[in-house]
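File shown here: my_file-v3.pdb, holding PDB, C-alpha atoms.
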ATOM      1  CA  MET N   1     -67.199  51.591-107.556
ATOM      2  CA  THR N   2     -64.613  49.856-105.398
ATOM      3  CA  ASN N   3     -65.630  49.544-101.754
ATOM      4  CA  LEU N   4     -63.455  51.730 -99.549
ATOM      5  CA  PRO N   5     -62.008  50.222 -96.380
ATOM      6  CA  ASP N   6     -63.836  51.115 -93.139
ATOM      7  CA  VAL N   7     -61.379  50.660 -90.289
ATOM      8  CA  THR N   8     -63.833  51.955 -87.684
ATOM      9  CA  SER N   9     -66.409  49.283 -88.449
ATOM     10  CA  HIS N  10     -64.229  46.285 -89.252
ATOM     11  CA  GLN N  11     -61.125  46.580 -87.109
ATOM     12  CA  ASN N  12     -61.114  45.865 -83.384
ATOM     13  CA  PRO N  13     -59.321  48.261 -81.019
ATOM     14  CA  GLU N  14     -55.943  47.184 -79.675
ATOM     15  CA  ILE N  15     -57.235  47.789 -76.147
ATOM     16  CA  HIS N  16     -60.894  47.204 -75.331
ATOM     17  CA  GLY N  17     -62.640  49.774 -73.187
ATOM     18  CA  SER N  18     -65.462  52.297 -73.056
ATOM     19  CA  LEU N  19     -64.853  56.064 -73.242
ATOM     20  CA  ASP N  20     -66.728  58.911 -71.542
ATOM     21  CA  TRP N  21     -66.667  61.320 -74.504
ATOM     22  CA  VAL N  22     -65.385  61.244 -78.078
ATOM     23  CA  GLY N  23     -65.963  63.882 -80.714
ATOM     24  CA  MET N  24     -64.686  67.112 -82.236
ATOM     25  CA  ASN N  25     -63.795  70.599 -81.044
ATOM     26  CA  GLY N  26     -63.902  73.950 -82.794
ATOM     27  CA  ILE N  27     -66.332  73.234 -85.641
ATOM     28  CA  THR N  28     -67.274  76.592 -87.192
ATOM     29  CA  VAL N  29     -70.993  76.883 -87.954
ATOM     30  CA  PRO N  30     -73.225  79.832 -88.976
ATOM     31  CA  LEU N  31     -76.402  79.906 -86.892
ATOM     32  CA  GLN N  32     -79.632  81.843 -86.539
ATOM     33  CA  PHE N  33     -79.810  82.400 -82.773
ATOM     34  CA  ASP N  34     -83.233  83.113 -81.281
ATOM     35  CA  ASP N  35     -83.050  85.629 -78.413
ATOM     36  CA  SER N  36     -86.147  86.231 -76.283
ATOM     37  CA  LYS N  37     -85.726  90.029 -76.403
ATOM     38  CA  LEU N  38     -83.975  90.789 -79.709
ATOM     39  CA  GLY N  39     -85.392  88.017 -81.886
ATOM     40  CA  VAL N  40     -83.357  86.045 -84.441
ATOM     41  CA  ASN N  41     -79.722  87.100 -84.949
ATOM     42  CA  SER N  42     -77.050  85.690 -87.268
ATOM     43  CA  ILE N  43     -74.007  84.441 -85.372
ATOM     44  CA  GLY N  44     -70.908  82.412 -86.088
ATOM     45  CA  ALA N  45     -70.338  79.733 -83.465
ATOM     46  CA  ARG N  46     -67.486  77.403 -82.589
ATOM     47  CA  VAL N  47     -69.008  74.076 -81.640
ATOM     48  CA  ASN N  48     -67.734  71.084 -79.684
ATOM     49  CA  THR N  49     -69.748  67.903 -80.134
ATOM     50  CA  TYR N  50     -69.259  64.598 -78.293
ATOM     51  CA  VAL N  51     -70.918  61.241 -77.760
ATOM     52  CA  ASN N  52     -69.844  58.524 -75.371
ATOM     53  CA  LEU N  53     -68.505  55.179 -76.575
ATOM     54  CA  VAL N  54     -70.112  52.423 -74.511
ATOM     55  CA  ASN N  55     -69.213  49.417 -76.648
ATOM     56  CA  PRO N  56     -65.658  48.450 -75.588
ATOM     57  CA  LYS N  57     -65.083  46.448 -78.777
ATOM     58  CA  VAL N  58     -65.860  49.293 -81.210
ATOM     59  CA  LYS N  59     -62.743  51.077 -82.463
ATOM     60  CA  GLY N  60     -64.243  54.537 -82.924
ATOM     61  CA  ILE N  61     -67.343  56.692 -83.323
ATOM     62  CA  HIS N  62     -68.778  58.032 -86.601
ATOM     63  CA  MET N  63     -67.042  61.428 -86.678
ATOM     64  CA  SER N  64     -68.423  62.398 -90.081
ATOM     65  CA  ARG N  65     -71.980  61.770 -88.884
ATOM     66  CA  LEU N  66     -71.547  64.292 -86.095
ATOM     67  CA  TYR N  67     -70.056  66.896 -88.412
ATOM     68  CA  LEU N  68     -72.637  66.479 -91.177
ATOM     69  CA  ALA N  69     -75.519  66.413 -88.726
ATOM     70  CA  LEU N  70     -74.335  69.649 -87.148
ATOM     71  CA  SER N  71     -73.707  71.278 -90.509
ATOM     72  CA  ASN N  72     -77.035  70.243 -92.025
ATOM     73  CA  PHE N  73     -79.451  70.478 -89.116
ATOM     74  CA  PHE N  74     -79.189  74.229 -88.523
ATOM     75  CA  GLU N  75     -78.689  75.240 -92.152
ATOM     76  CA  ASN N  76     -82.361  76.145 -92.489
ATOM     77  CA  GLN N  77     -83.420  76.084 -88.854
ATOM     78  CA  THR N  78     -83.329  78.649 -86.078
ATOM     79  CA  LEU N  79     -81.416  77.747 -82.942
ATOM     80  CA  ASN N  80     -83.880  77.866 -80.066
ATOM     81  CA  VAL N  81     -84.662  75.597 -77.125
ATOM     82  CA  PRO N  82     -87.042  73.189 -78.938
ATOM     83  CA  ALA N  83     -84.704  72.899 -81.951
ATOM     84  CA  LEU N  84     -81.678  72.245 -79.768
ATOM     85  CA  THR N  85     -83.549  69.592 -77.777
ATOM     86  CA  ASP N  86     -84.609  67.852 -81.007
ATOM     87  CA  PHE N  87     -81.063  68.028 -82.350
ATOM     88  CA  LEU N  88     -79.674  66.261 -79.284
ATOM     89  CA  SER N  89     -82.002  63.324 -79.988
ATOM     90  CA  HIS N  90     -81.042  63.420 -83.663
ATOM     91  CA  LEU N  91     -77.332  63.230 -82.818
ATOM     92  CA  LEU N  92     -77.849  60.369 -80.399
ATOM     93  CA  ASP N  93     -79.916  58.449 -82.967
ATOM     94  CA  SER N  94     -76.987  58.712 -85.394
ATOM     95  CA  HIS N  95     -74.909  56.714 -82.889
ATOM     96  CA  HIS N  96     -77.652  54.556 -81.365
ATOM     97  CA  ASP N  97     -75.582  51.396 -81.723
ATOM     98  CA  ILE N  98     -72.554  52.614 -79.741
ATOM     99  CA  SER N  99     -73.608  55.656 -77.647
ATOM    100  CA  THR N 100     -76.091  56.506 -74.894
ATOM    101  CA  GLN N 101     -75.408  60.209 -74.324
ATOM    102  CA  VAL N 102     -74.462  63.316 -76.274
ATOM    103  CA  PHE N 103     -72.979  66.734 -75.484
ATOM    104  CA  LEU N 104     -72.853  70.045 -77.399
ATOM    105  CA  ASN N 105     -70.989  73.249 -76.579
ATOM    106  CA  PHE N 106     -71.509  76.463 -78.590
ATOM    107  CA  ASP N 107     -69.128  79.413 -78.110
ATOM    108  CA  PHE N 108     -69.924  82.708 -79.832
ATOM    109  CA  ASP N 109     -69.863  86.474 -79.477
ATOM    110  CA  PHE N 110     -73.273  88.108 -79.197
ATOM    111  CA  LEU N 111     -73.580  91.716 -80.386
ATOM    112  CA  ILE N 112     -75.987  94.197 -78.806
ATOM    113  CA  LYS N 113     -76.316  97.842 -79.818
ATOM    114  CA  ARG N 114     -76.117 100.033 -76.731
ATOM    115  CA  ASP N 115     -77.041 103.696 -76.310
ATOM    116  CA  ALA N 116     -74.566 106.127 -74.778
ATOM    117  CA  LEU N 117     -75.229 107.258 -71.206
ATOM    118  CA  LYS N 118     -76.054 110.888 -72.067
ATOM    119  CA  SER N 119     -75.409 111.728 -75.726
ATOM    120  CA  ASP N 120     -77.437 110.550 -78.710
ATOM    121  CA  ASN N 121     -74.688 108.149 -79.831
ATOM    122  CA  SER N 122     -74.723 104.367 -79.756
ATOM    123  CA  GLY N 123     -72.378 101.493 -80.500
ATOM    124  CA  TRP N 124     -72.051  97.718 -80.559
ATOM    125  CA  LYS N 125     -70.970  95.678 -77.552
ATOM    126  CA  SER N 126     -69.796  92.095 -77.816
ATOM    127  CA  TYR N 127     -70.660  89.569 -75.100
ATOM    128  CA  SER N 128     -68.766  86.279 -75.018
ATOM    129  CA  THR N 129     -71.396  83.536 -74.721
ATOM    130  CA  THR N 130     -71.468  79.770 -74.177
ATOM    131  CA  LEU N 131     -74.425  77.450 -74.675
ATOM    132  CA  ARG N 132     -74.193  73.844 -73.483
ATOM    133  CA  ALA N 133     -76.618  70.994 -74.037
ATOM    134  CA  THR N 134     -76.444  67.431 -72.703
ATOM    135  CA  LEU N 135     -78.707  64.430 -73.269
ATOM    136  CA  LYS N 136     -77.983  61.694 -70.728
ATOM    137  CA  ASP N 137     -80.251  58.930 -69.448
ATOM    138  CA  GLY N 138     -83.133  60.524 -71.324
ATOM    139  CA  GLU N 139     -82.683  63.838 -69.487
ATOM    140  CA  VAL N 140     -81.877  67.087 -71.299
ATOM    141  CA  VAL N 141     -79.792  69.710 -69.475
ATOM    142  CA  LEU N 142     -79.416  73.165 -71.048
ATOM    143  CA  GLU N 143     -76.959  75.749 -69.728
ATOM    144  CA  LEU N 144     -76.325  79.315 -70.856
ATOM    145  CA  ALA N 145     -73.394  81.518 -69.858
ATOM    146  CA  THR N 146     -72.506  85.123 -70.562
ATOM    147  CA  ARG N 147     -69.482  87.238 -69.671
ATOM    148  CA  VAL N 148     -70.308  90.868 -68.928
ATOM    149  CA  PRO N 149     -67.559  93.532 -68.761
ATOM    150  CA  TYR N 150     -67.979  96.374 -66.269
ATOM    151  CA  SER N 151     -65.958  98.911 -64.294
ATOM    152  CA  SER N 152     -65.174  98.621 -60.581
ATOM    153  CA  THR N 153     -63.790 101.314 -58.280
ATOM    154  CA  CYS N 154     -62.195 100.207 -55.006
ATOM    155  CA  PRO N 155     -64.010 101.449 -51.856
ATOM    156  CA  CYS N 156     -60.798 101.315 -49.798
ATOM    157  CA  SER N 157     -58.875 103.333 -52.373
ATOM    158  CA  ALA N 158     -61.742 105.828 -52.529
ATOM    159  CA  ALA N 159     -61.681 106.311 -48.742
ATOM    160  CA  LEU N 160     -57.905 106.762 -48.720
ATOM    161  CA  SER N 161     -58.157 109.274 -51.568
ATOM    162  CA  ARG N 162     -60.848 111.244 -49.744
ATOM    163  CA  GLN N 163     -58.636 111.423 -46.655
ATOM    164  CA  LEU N 164     -55.731 112.844 -48.681
ATOM    165  CA  LEU N 165     -58.050 115.285 -50.432
ATOM    166  CA  ALA N 166     -59.471 116.475 -47.112
ATOM    167  CA  GLN N 167     -55.974 116.958 -45.712
ATOM    168  CA  ALA N 168     -54.895 118.913 -48.790
ATOM    169  CA  PHE N 169     -57.973 121.115 -48.482
ATOM    170  CA  THR N 170     -57.235 121.751 -44.794
ATOM    171  CA  ASP N 171     -53.619 122.614 -45.549
ATOM    172  CA  ASP N 172     -54.581 125.105 -48.260
ATOM    173  CA  PHE N 173     -57.339 126.834 -46.301
ATOM    174  CA  ALA N 174     -56.017 126.543 -42.740
ATOM    175  CA  ASN N 175     -54.755 130.137 -42.586
ATOM    176  CA  LYS N 176     -57.758 131.754 -44.243
ATOM    177  CA  GLY N 177     -60.066 133.529 -41.870
ATOM    178  CA  SER N 178     -63.175 132.692 -43.862
ATOM    179  CA  ILE N 179     -64.077 130.474 -46.798
ATOM    180  CA  ASN N 180     -66.842 131.171 -49.282
ATOM    181  CA  VAL N 181     -68.576 128.741 -51.599
ATOM    182  CA  GLU N 182     -66.862 130.134 -54.711
ATOM    183  CA  ASP N 183     -63.403 129.531 -53.218
ATOM    184  CA  VAL N 184     -64.254 125.932 -52.434
ATOM    185  CA  GLU N 185     -65.778 125.374 -55.860
ATOM    186  CA  ASN N 186     -62.732 126.800 -57.646
ATOM    187  CA  TRP N 187     -60.384 124.710 -55.479
ATOM    188  CA  LEU N 188     -62.298 121.532 -56.291
ATOM    189  CA  LYS N 189     -62.310 122.342 -60.025
ATOM    190  CA  SER N 190     -58.568 122.923 -60.046
ATOM    191  CA  GLU N 191     -55.957 120.177 -60.241
ATOM    192  CA  LYS N 192     -55.858 120.307 -56.442
ATOM    193  CA  GLY N 193     -59.299 118.685 -56.489
ATOM    194  CA  SER N 194     -57.603 115.621 -57.944
ATOM    195  CA  PHE N 195     -54.942 115.489 -55.253
ATOM    196  CA  ALA N 196     -55.644 111.763 -54.987
ATOM    197  CA  THR N 197     -57.952 109.531 -57.024
ATOM    198  CA  PRO N 198     -59.142 105.978 -56.290
ATOM    199  CA  HIS N 199     -58.052 103.127 -58.512
ATOM    200  CA  SER N 200     -60.570 101.428 -60.750
ATOM    201  CA  GLN N 201     -60.301  98.698 -63.338
ATOM    202  CA  ARG N 202     -62.117  96.856 -66.077
ATOM    203  CA  SER N 203     -63.857  93.848 -64.558
ATOM    204  CA  GLN N 204     -65.911  90.880 -65.714
ATOM    205  CA  ALA N 205     -68.932  89.034 -64.377
ATOM    206  CA  THR N 206     -69.566  85.508 -65.655
ATOM    207  CA  ALA N 207     -72.988  83.973 -65.044
ATOM    208  CA  TRP N 208     -74.045  80.394 -65.811
ATOM    209  CA  VAL N 209     -77.742  79.520 -65.626
ATOM    210  CA  LYS N 210     -79.665  76.289 -66.125
ATOM    211  CA  LEU N 211     -82.600  76.783 -68.461
ATOM    212  CA  ASP N 212     -86.135  75.445 -68.390
ATOM    213  CA  LYS N 213     -86.590  72.979 -71.260
ATOM    214  CA  ASP N 214     -90.071  74.447 -71.897
ATOM    215  CA  MET N 215     -88.603  77.794 -73.000
ATOM    216  CA  GLY N 216     -88.793  78.889 -76.608
ATOM    217  CA  ALA N 217     -86.116  81.492 -77.335
ATOM    218  CA  PHE N 218     -82.960  81.836 -75.242
ATOM    219  CA  PRO N 219     -83.046  84.565 -72.547
ATOM    220  CA  LEU N 220     -79.524  85.803 -73.360
ATOM    221  CA  THR N 221     -80.163  89.550 -73.563
ATOM    222  CA  ASP N 222     -82.362  89.318 -70.466
ATOM    223  CA  LEU N 223     -79.480  87.697 -68.585
ATOM    224  CA  ILE N 224     -76.979  90.312 -69.783
ATOM    225  CA  ASP N 225     -79.323  93.165 -68.833
ATOM    226  CA  LEU N 226     -79.913  91.605 -65.418
ATOM    227  CA  VAL N 227     -76.181  91.538 -64.658
ATOM    228  CA  GLU N 228     -75.522  95.037 -66.002
ATOM    229  CA  ASP N 229     -78.468  96.516 -64.101
ATOM    230  CA  ALA N 230     -77.233  94.908 -60.885
ATOM    231  CA  LEU N 231     -73.680  96.226 -61.243
ATOM    232  CA  LYS N 232     -74.654  99.647 -62.701
ATOM    233  CA  THR N 233     -71.246 100.380 -64.274
ATOM    234  CA  PRO N 234     -71.208  98.612 -67.679
ATOM    235  CA  VAL N 235     -68.365  99.493 -70.025
ATOM    236  CA  GLN N 236     -69.362 101.879 -72.807
ATOM    237  CA  THR N 237     -69.160 102.070 -76.597
ATOM    238  CA  ALA N 238     -69.432 105.551 -78.163
ATOM    239  CA  VAL N 239     -68.421 108.163 -75.578
ATOM    240  CA  LYS N 240     -68.573 111.971 -75.619
ATOM    241  CA  ARG N 241     -67.508 114.111 -72.657
ATOM    242  CA  ALA N 242     -71.012 114.101 -71.181
ATOM    243  CA  ASP N 243     -71.054 110.290 -71.328
ATOM    244  CA  GLU N 244     -67.619 110.041 -69.731
ATOM    245  CA  GLN N 245     -68.688 112.348 -66.928
ATOM    246  CA  GLU N 246     -71.791 110.260 -66.288
ATOM    247  CA  PHE N 247     -69.650 107.112 -66.292
ATOM    248  CA  ALA N 248     -67.424 108.722 -63.639
ATOM    249  CA  ARG N 249     -70.509 109.579 -61.578
ATOM    250  CA  LEU N 250     -71.814 106.010 -61.801
ATOM    251  CA  ASN N 251     -68.459 104.638 -60.654
ATOM    252  CA  GLY N 252     -68.362 107.089 -57.757
ATOM    253  CA  HIS N 253     -71.837 106.031 -56.646
ATOM    254  CA  ASN N 254     -71.138 102.302 -57.023
ATOM    255  CA  LEU N 255     -67.861 101.614 -55.227
ATOM    256  CA  MET N 256     -67.333  97.839 -55.219
ATOM    257  CA  PHE N 257     -65.015  95.200 -53.875
ATOM    258  CA  CYS N 258     -65.334  91.943 -55.812
ATOM    259  CA  GLU N 259     -67.407  90.659 -52.881
ATOM    260  CA  ASP N 260     -69.880  93.530 -53.319
ATOM    261  CA  ALA N 261     -70.171  92.862 -57.051
ATOM    262  CA  ALA N 262     -70.742  89.121 -56.500
ATOM    263  CA  ARG N 263     -73.467  89.801 -53.924
ATOM    264  CA  ARG N 264     -75.214  92.194 -56.314
ATOM    265  CA  VAL N 265     -75.265  89.654 -59.132
ATOM    266  CA  LYS N 266     -76.281  86.809 -56.822
ATOM    267  CA  GLN N 267     -79.211  88.805 -55.444
ATOM    268  CA  ALA N 268     -80.344  89.626 -58.982
ATOM    269  CA  LEU N 269     -80.168  85.979 -60.082
ATOM    270  CA  LEU N 270     -82.029  84.811 -56.985
ATOM    271  CA  SER N 271     -84.927  87.042 -58.035
ATOM    272  CA  GLN N 272     -85.355  85.097 -61.306
ATOM    273  CA  GLU N 273     -87.576  82.025 -60.997
ATOM    274  CA  GLN N 274     -86.927  81.051 -64.623
ATOM    275  CA  TYR N 275     -83.422  79.784 -63.784
ATOM    276  CA  ALA N 276     -83.373  76.394 -62.068
ATOM    277  CA  ASP N 277     -79.809  76.993 -60.890
ATOM    278  CA  PHE N 278     -76.964  79.458 -61.368
ATOM    279  CA  TRP N 279     -73.234  79.904 -60.867
ATOM    280  CA  LEU N 280     -71.365  83.186 -60.986
ATOM    281  CA  LYS N 281     -67.846  84.557 -60.935
ATOM    282  CA  VAL N 282     -66.682  88.161 -60.774
ATOM    283  CA  GLU N 283     -63.127  89.159 -61.614
ATOM    284  CA  HIS N 284     -61.547  92.535 -60.936
ATOM    285  CA  PHE N 285     -58.470  92.859 -63.140
ATOM    286  CA  GLU N 286     -56.540  94.927 -60.645
ATOM    287  CA  SER N 287     -54.720  98.134 -61.517
ATOM    288  CA  LEU N 288     -53.118  98.252 -58.039
ATOM    289  CA  HIS N 289     -51.878  94.636 -57.980
ATOM    290  CA  ALA N 290     -50.306  92.325 -60.531
ATOM    291  CA  HIS N 291     -52.922  89.725 -59.586
ATOM    292  CA  ASP N 292     -56.721  89.783 -59.818
ATOM    293  CA  ALA N 293     -59.473  89.810 -57.202
ATOM    294  CA  VAL N 294     -62.123  87.093 -57.630
ATOM    295  CA  ALA N 295     -65.402  86.079 -55.970
ATOM    296  CA  LEU N 296     -67.605  83.071 -56.763
ATOM    297  CA  ALA N 297     -71.101  82.074 -55.731
ATOM    298  CA  SER N 298     -73.863  79.645 -56.643
ATOM    299  CA  LYS N 299     -77.563  79.269 -55.890
ATOM    300  CA  GLY N 300     -76.720  76.609 -53.340
ATOM    301  CA  ILE N 301     -79.312  73.967 -54.155
ATOM    302  CA  ALA N 302     -78.766  70.267 -53.441
ATOM    303  CA  GLY N 303     -77.152  68.559 -56.395
ATOM    304  CA  GLY N 304     -76.698  71.881 -58.188
ATOM    305  CA  TYR N 305     -73.698  73.957 -59.129
ATOM    306  CA  SER N 306     -70.757  74.030 -56.758
ATOM    307  CA  PRO N 307     -68.816  77.319 -56.457
ATOM    308  CA  ALA N 308     -65.676  75.547 -57.718
ATOM    309  CA  ASP N 309     -67.347  74.021 -60.810
ATOM    310  CA  TYR N 310     -66.002  76.475 -63.385
ATOM    311  CA  SER N 311     -63.402  78.371 -61.366
TER     312      SER N 311
END

Please rewrite the model in this file as structure tokens.
Amino acid sequence: MTNLPDVTSHQNPEIHGSLDWVGMNGITVPLQFDDSKLGVNSIGARVNTYVNLVNPKVKGIHMSRLYLALSNFFENQTLNVPALTDFLSHLLDSHHDISTQVFLNFDFDFLIKRDALKSDNSGWKSYSTTLRATLKDGEVVLELATRVPYSSTCPCSAALSRQLLAQAFTDDFANKGSINVEDVENWLKSEKGSFATPHSQRSQATAWVKLDKDMGAFPLTDLIDLVEDALKTPVQTAVKRADEQEFARLNGHNLMFCEDAARRVKQALLSQEQYADFWLKVEHFESLHAHDAVALASKGIAGGYSPADYS
């Protein structure tokens, strides 16, 4: 068979120089993801994979090696912390002559079946997830992120609505000599009881955590549950009237500015010793304004995440 030309190996670059990262984005790969609470789940991930190019005289990296390694390594292997750590070393070995570090980024949607708040129904919720892994100077860094949708009701709007409701009640009952409980109950159940309502909106909390390399499975569901339990108003799947009423009650009992939501999530993350560091962002996609309200926070450790890292 005639030897095929190999430009990468035999042709010098026009301009010599090292490069921080070279690789591919958006490689689609089926994976068996190991979750610490739900076990192994089949997912489809979009993967970015890079190595650095430290030899200034080498024209390019071995792109096909990265692709084939990614495609073959997880074909019969579960994606967990030990497997991912081994794979980083495997990728770097494939470029040992030109690279000293490697980076992987997995983006995927993780499905969890959630029960309704009151009824016997249930449905699937999708959580946008990112997993990042870096091997640099012999050190492995693993990061996991999830994006959790929830509902937020504005405390200021709620107070203003209560004031209008109280004034409407006073206006309607001012000339009545006496008021009984049934009259008040009927007034509140009528459309007059909705004289003014606070604005609320779908919102999102994003949490990045740095993982312990001694973990086995990934604590993704644990992280999602932690955020949802802190905020207390997760968006729902299957909803009957009883569920919708309970959702309204939860919103009424958990009025939140974006600052309140960020403090809740930060406090919850601070309680978890398993995360070496964390970064969080909450976004309230305003129904009052054409812009959004945002709050960011980090654990605040030296050399750790900065609040502006992923803003």

For this session: Pull out every residue that the PyMOL selection byres ((chain N and resi 236) around 9) matches in the shown coordinates and put them as an NGL selection string.
Result: :N and (114-117 or 123 or 125 or 150 or 233-235 or 237-239 or 243-244 or 247)

Mind dumping the selected residues with C-alpha atoms as a CSV table (one decimal), keeping the file's coordinate frame?
chain,number,residue,atom,x,y,z
N,114,ARG,CA,-76.1,100.0,-76.7
N,115,ASP,CA,-77.0,103.7,-76.3
N,116,ALA,CA,-74.6,106.1,-74.8
N,117,LEU,CA,-75.2,107.3,-71.2
N,123,GLY,CA,-72.4,101.5,-80.5
N,125,LYS,CA,-71.0,95.7,-77.6
N,150,TYR,CA,-68.0,96.4,-66.3
N,233,THR,CA,-71.2,100.4,-64.3
N,234,PRO,CA,-71.2,98.6,-67.7
N,235,VAL,CA,-68.4,99.5,-70.0
N,237,THR,CA,-69.2,102.1,-76.6
N,238,ALA,CA,-69.4,105.6,-78.2
N,239,VAL,CA,-68.4,108.2,-75.6
N,243,ASP,CA,-71.1,110.3,-71.3
N,244,GLU,CA,-67.6,110.0,-69.7
N,247,PHE,CA,-69.6,107.1,-66.3

For this session: Calculate how many Å separate CA of Ile98 in chain N from CA of Ser64 in chain N, rounding to one decimal.
Result: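 According to the coordinates, CA of Ile98 in chain N and CA of Ser64 in chain N are separated by 14.8 Å.
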
Problem set entry | Chain and number of each residue from the PyMOL selection byres ((chain N and resi 283-295) around 12), as an MDAnalysis selection string | chainID N and resid 147:154 156:157 198:207 256:266 279:282 296:298 307:308 311

For this session: Step by step, work through what the PyMOL selection byres ((chain N and resi 73-87) around 6) selects in the shown file, and finish by giving those residues as a PyMOL selection string.
Result: chain N and resi 32-34+69-72+88-90+216-217

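Note that the spacing between CA of Asn41 in chain N and CA of Leu135 in chain N amounts to 25.5 Å.
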
For this session: Skip Glu273 in chain N itself and residues of its chain fewer than 3 positions away, then list as an NGL selection string all residues within 12 Å of it, counting only C-alpha atoms.
Result: :N and (209-212 or 268-270 or 276-278 or 299)

Using only C-alpha atoms, please write the residues we just selected to a file, as a PDB file, in the frame of the given file.
ATOM      1  CA  VAL N 209     -77.742  79.520 -65.626  1.00  0.00           C
ATOM      2  CA  LYS N 210     -79.665  76.289 -66.125  1.00  0.00           C
ATOM      3  CA  LEU N 211     -82.600  76.783 -68.461  1.00  0.00           C
ATOM      4  CA  ASP N 212     -86.135  75.445 -68.390  1.00  0.00           C
ATOM      5  CA  ALA N 268     -80.344  89.626 -58.982  1.00  0.00           C
ATOM      6  CA  LEU N 269     -80.168  85.979 -60.082  1.00  0.00           C
ATOM      7  CA  LEU N 270     -82.029  84.811 -56.985  1.00  0.00           C
ATOM      8  CA  ALA N 276     -83.373  76.394 -62.068  1.00  0.00           C
ATOM      9  CA  ASP N 277     -79.809  76.993 -60.890  1.00  0.00           C
ATOM     10  CA  PHE N 278     -76.964  79.458 -61.368  1.00  0.00           C
ATOM     11  CA  LYS N 299     -77.563  79.269 -55.890  1.00  0.00           C
TER      12      LYS N 299
END

For this session: May I have the residues at most 8 Å from (-74.8, 77.5, -85.2) in the file's coordinates, counting all atoms listed in the file, as a PyMOL selection string?
Result: chain N and resi 28-33+43-47+74+79+106

Kindly export the residues of the current selection with C-alpha atoms, as a PDB file, keeping the file's coordinate frame.
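Wrote it out as again.pdb, contents follow:
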ATOM      1  CA  THR N  28     -67.274  76.592 -87.192  1.00  0.00           C
ATOM      2  CA  VAL N  29     -70.993  76.883 -87.954  1.00  0.00           C
ATOM      3  CA  PRO N  30     -73.225  79.832 -88.976  1.00  0.00           C
ATOM      4  CA  LEU N  31     -76.402  79.906 -86.892  1.00  0.00           C
ATOM      5  CA  GLN N  32     -79.632  81.843 -86.539  1.00  0.00           C
ATOM      6  CA  PHE N  33     -79.810  82.400 -82.773  1.00  0.00           C
ATOM      7  CA  ILE N  43     -74.007  84.441 -85.372  1.00  0.00           C
ATOM      8  CA  GLY N  44     -70.908  82.412 -86.088  1.00  0.00           C
ATOM      9  CA  ALA N  45     -70.338  79.733 -83.465  1.00  0.00           C
ATOM     10  CA  ARG N  46     -67.486  77.403 -82.589  1.00  0.00           C
ATOM     11  CA  VAL N  47     -69.008  74.076 -81.640  1.00  0.00           C
ATOM     12  CA  PHE N  74     -79.189  74.229 -88.523  1.00  0.00           C
ATOM     13  CA  LEU N  79     -81.416  77.747 -82.942  1.00  0.00           C
ATOM     14  CA  PHE N 106     -71.509  76.463 -78.590  1.00  0.00           C
TER      15      PHE N 106
END

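Atom pair CA of Leu188 in chain N / CA of Leu165 in chain N has a distance of 9.6 Å (rounded to one decimal).
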
For this session: Tell me which of N:Ser122, N:Gln167, N:Phe173, N:Leu92 sits closest to Asp137 in chain N, counting all atoms listed in the file.
Result: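 Distance minimum relative to Asp137 in chain N lands on N:Leu92.
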
Problem set entry | Residues within 9 Å of Pro56 in chain N, only C-alpha atoms, excluding chain neighbours under 6 positions, as a list in words |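 My reading of the contact set: Pro13, Ile15, His16, Gly17, Ser18 and Leu19 of chain N.
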
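Distance annotation: of N:Leu53, N:Ala302, N:Leu66, N:Leu38, the residue with the minimal separation from Asn25 in chain N is N:Leu66; atom set is all atoms listed in the file.
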
For this session: Check the smallest atom-to-atom distance from each of N:Lys37, N:Thr100, N:Val22, N:Leu220 to His62 in chain N using all atoms listed in the file, then report the winner.
Result: N:Val22

Exercise. Nearest to Trp124 in chain N among N:Lys59, N:Phe110, N:Asp97, N:Lys136, with distances taken over only C-alpha atoms: which residue is it?
Worked result: N:Phe110

For this session: Using only C-alpha atoms, collect all residues at a distance of at most 7 Å from (-82.3, 83.6, -74.3) as written in the file, then present them as a PyMOL selection string.
Result: chain N and resi 35-36+217-222

Exercise. Which is closer to Val54 in chain N than all the others in N:Gly300, N:Asn251, N:Asp20, N:Leu142, using all atoms listed in the file?
Worked result: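 That would be N:Asp20, the residue with the smallest distance to Val54 in chain N.
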
Problem set entry | Who sits within 8 Å of Thr134 in chain N, all atoms listed in the file, same chain under 4 positions skipped, as number ranges by chain | N: 88, 101-104, 139-142
